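Trainee: Just query32.json, nothing more (JSON, C-alpha atoms):
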[["chain", "number", "residue", "atom", "x", "y", "z"],
["A", 331, "MET", "CA", 24.56, -134.88, -262.31],
["A", 332, "ALA", "CA", 27.22, -137.14, -263.86],
["A", 333, "GLU", "CA", 28.32, -134.30, -266.14],
["A", 334, "LEU", "CA", 28.97, -132.01, -263.17],
["A", 335, "LYS", "CA", 30.93, -134.72, -261.33],
["A", 336, "ASP", "CA", 33.04, -135.27, -264.47],
["A", 337, "ALA", "CA", 33.71, -131.53, -264.82],
["A", 338, "ALA", "CA", 34.63, -131.23, -261.12],
["A", 339, "ASP", "CA", 36.87, -134.31, -261.39],
["A", 340, "GLN", "CA", 38.78, -132.76, -264.32],
["A", 341, "PHE", "CA", 39.02, -129.46, -262.42],
["A", 342, "ALA", "CA", 40.59, -131.26, -259.42],
["A", 343, "LYS", "CA", 43.06, -133.02, -261.75],
["A", 344, "ASP", "CA", 43.98, -129.67, -263.30],
["A", 345, "LEU", "CA", 44.48, -128.17, -259.82],
["A", 346, "MET", "CA", 46.84, -131.00, -258.86],
["A", 347, "ALA", "CA", 48.78, -130.69, -262.14],
["A", 348, "GLN", "CA", 48.74, -126.88, -261.95],
["A", 349, "ASN", "CA", 47.31, -126.86, -265.48],
["A", 350, "ILE", "CA", 46.55, -123.15, -265.69],
["A", 351, "ALA", "CA", 45.19, -123.34, -269.25],
["A", 352, "GLY", "CA", 42.71, -126.04, -268.26],
["A", 353, "LEU", "CA", 41.66, -124.16, -265.13],
["A", 354, "MET", "CA", 41.10, -120.87, -266.95],
["A", 355, "MET", "CA", 38.51, -122.47, -269.22],
["A", 356, "VAL", "CA", 36.31, -123.46, -266.28],
["A", 357, "PHE", "CA", 35.82, -120.14, -264.47],
["A", 358, "THR", "CA", 33.05, -117.61, -264.86],
["A", 359, "PRO", "CA", 34.32, -114.02, -264.46],
["A", 360, "GLU", "CA", 33.04, -114.05, -260.85],
["A", 361, "GLY", "CA", 34.74, -117.39, -260.23],
["A", 362, "MET", "CA", 38.05, -116.08, -261.55],
["A", 363, "THR", "CA", 37.92, -113.18, -259.10],
["A", 364, "LYS", "CA", 37.25, -115.61, -256.23],
["A", 365, "ALA", "CA", 40.06, -117.92, -257.37],
["A", 366, "MET", "CA", 42.56, -115.06, -257.35],
["A", 367, "ALA", "CA", 41.47, -114.07, -253.83],
["A", 368, "MET", "CA", 41.77, -117.68, -252.66],
["A", 369, "GLN", "CA", 45.26, -117.94, -254.15],
["A", 370, "SER", "CA", 46.35, -114.91, -252.10],
["A", 371, "GLN", "CA", 44.83, -116.49, -248.99],
["A", 372, "MET", "CA", 46.71, -119.75, -249.61],
["A", 373, "GLN", "CA", 50.01, -117.92, -250.15],
["A", 374, "ALA", "CA", 49.54, -116.11, -246.83],
["A", 375, "GLN", "CA", 49.13, -119.48, -245.08],
["A", 376, "GLY", "CA", 52.52, -120.67, -246.30],
["A", 377, "GLN", "CA", 53.79, -123.45, -248.54],
["A", 378, "ARG", "CA", 51.94, -126.75, -248.45],
["A", 379, "SER", "CA", 53.04, -130.01, -249.98],
["A", 380, "PRO", "CA", 51.40, -130.73, -253.35],
["A", 381, "ALA", "CA", 48.18, -132.72, -253.41],
["A", 382, "THR", "CA", 48.65, -136.35, -254.36],
["A", 383, "SER", "CA", 44.99, -137.36, -254.41],
["A", 384, "TYR", "CA", 41.54, -135.85, -254.07],
["A", 385, "ASP", "CA", 37.84, -136.55, -253.51],
["A", 386, "VAL", "CA", 34.97, -134.80, -255.28],
["A", 387, "ASN", "CA", 31.78, -134.42, -253.21],
["A", 388, "VAL", "CA", 28.81, -133.05, -255.13],
["A", 389, "GLY", "CA", 26.35, -131.40, -252.77],
["A", 390, "GLU", "CA", 23.02, -129.67, -252.93],
["A", 391, "SER", "CA", 21.85, -127.12, -255.46],
["A", 392, "GLU", "CA", 21.11, -123.57, -254.36],
["A", 393, "GLY", "CA", 19.29, -121.66, -257.06],
["A", 394, "GLU", "CA", 21.45, -121.69, -260.21],
["A", 395, "ASP", "CA", 24.50, -123.07, -258.37],
["A", 396, "THR", "CA", 25.47, -126.55, -257.19],
["A", 397, "ASN", "CA", 27.92, -126.96, -254.31],
["A", 398, "VAL", "CA", 30.94, -129.20, -254.83],
["A", 399, "ASP", "CA", 33.64, -129.79, -252.21],
["A", 400, "LEU", "CA", 37.08, -130.76, -253.50],
["A", 401, "VAL", "CA", 39.10, -132.48, -250.78],
["A", 402, "MET", "CA", 42.75, -132.17, -251.78],
["A", 403, "LYS", "CA", 45.01, -134.66, -249.95],
["A", 404, "GLY", "CA", 48.76, -134.42, -249.51],
["A", 405, "ALA", "CA", 51.57, -135.13, -247.06],
["A", 406, "ASP", "CA", 50.43, -132.16, -244.92],
["A", 407, "GLY", "CA", 46.91, -133.56, -244.58],
["A", 408, "GLU", "CA", 43.70, -132.48, -246.27],
["A", 409, "MET", "CA", 42.44, -129.14, -247.53],
["A", 410, "THR", "CA", 38.85, -128.66, -248.67],
["A", 411, "ILE", "CA", 38.03, -126.20, -251.42],
["A", 412, "THR", "CA", 34.34, -125.36, -251.56],
["A", 413, "THR", "CA", 33.16, -124.53, -255.07],
["A", 414, "LYS", "CA", 29.87, -123.44, -256.57],
["A", 415, "TRP", "CA", 29.22, -124.60, -260.12],
["A", 416, "ARG", "CA", 26.79, -123.08, -262.60],
["A", 417, "GLU", "CA", 25.75, -124.36, -266.01],
["A", 418, "VAL", "CA", 26.61, -121.67, -268.58],
["A", 419, "GLY", "CA", 25.98, -122.26, -272.27],
["A", 420, "GLY", "CA", 25.73, -126.01, -271.76],
["A", 421, "ALA", "CA", 29.01, -126.29, -269.81],
["A", 422, "TRP", "CA", 29.65, -126.43, -266.06],
["A", 423, "LYS", "CA", 31.67, -123.46, -264.77],
["A", 424, "VAL", "CA", 33.08, -122.55, -261.35],
["A", 425, "ASN", "CA", 31.22, -119.45, -260.20],
["A", 426, "ASP", "CA", 32.59, -119.26, -256.64],
["A", 427, "MET", "CA", 35.31, -120.93, -254.58],
["A", 428, "ALA", "CA", 36.87, -120.62, -251.14],
["A", 429, "LEU", "CA", 38.89, -122.58, -248.65],
["A", 430, "LYS", "CA", 36.60, -124.37, -246.24],
["A", 431, "GLN", "CA", 37.41, -123.42, -242.67]]
Show the structure stored in the file as structure tokens.

Mentor:
Amino acid sequence: MAELKDAADQFAKDLMAQNIAGLMMVFTPEGMTKAMAMQSQMQAQGQRSPATSYDVNVGESEGEDTNVDLVMKGADGEMTITTKWREVGGAWKVNDMALKQ
């Protein structure tokens, strides 16, 4: 499980830094579609202050996927992004993501 936590930690760092190249490497095709939908949802909610810190909470496995909540913290408060990670070719990839309501 340490490998997944490390991958999710790097993903959260890339989100904070808006490192698009780093983020693109981590998505499955399904995950990329979900990320684009989530980006539209976030834009509709309006501008938020950038995240300054985060927590990574690895949850339970469901079939091939493992749930990981990324709690992004900023001046506006917290926002939780729920992700589902899947091991593909020996690497952890984001297969699904959404804002937690």

Trainee: Identify the residues around (41.3, -125.0, -264.0) within a radius of 6 Å, measuring from all atoms listed in the file in the coordinates stated by the file, and give them as an MDAnalysis selection string.

Mentor: chainID A and resid 341 344 350 352:354 356

Trainee: Nearest to A:Pro359: which of A:Lys414, A:Lys335, A:Lys343, A:Lys423 is it, counting all atoms listed in the file?

Mentor: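 For A:Pro359, the nearest of the candidates is A:Lys423.
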
Trainee: Counting all atoms listed in the file, figure out which residue out of A:Ala365, A:Ala381, A:Leu345, A:Met372 gets nearest to A:Gly404.

Mentor: A:Ala381

Trainee: From the options A:Ala342, A:Val388, A:Ile411, A:Met355, which residue's atoms come nearest to A:Gln431, counting all atoms listed in the file?

Mentor: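 Closest candidate: A:Ile411.
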
Trainee: Considering all atoms listed in the file, state which residue in the set A:Leu334, A:Ser379, A:Ala374, A:Ser391 is at the smallest distance from A:Val418.

Mentor: A:Leu334

Trainee: Smallest atom-to-atom distance to A:Lys403: which of A:Met368, A:Met362, A:Met346, A:Ala428, using all atoms listed in the file?

Mentor: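 Going through A:Met368, A:Met362, A:Met346, A:Ala428 one by one, the smallest distance to A:Lys403 is for A:Met346.
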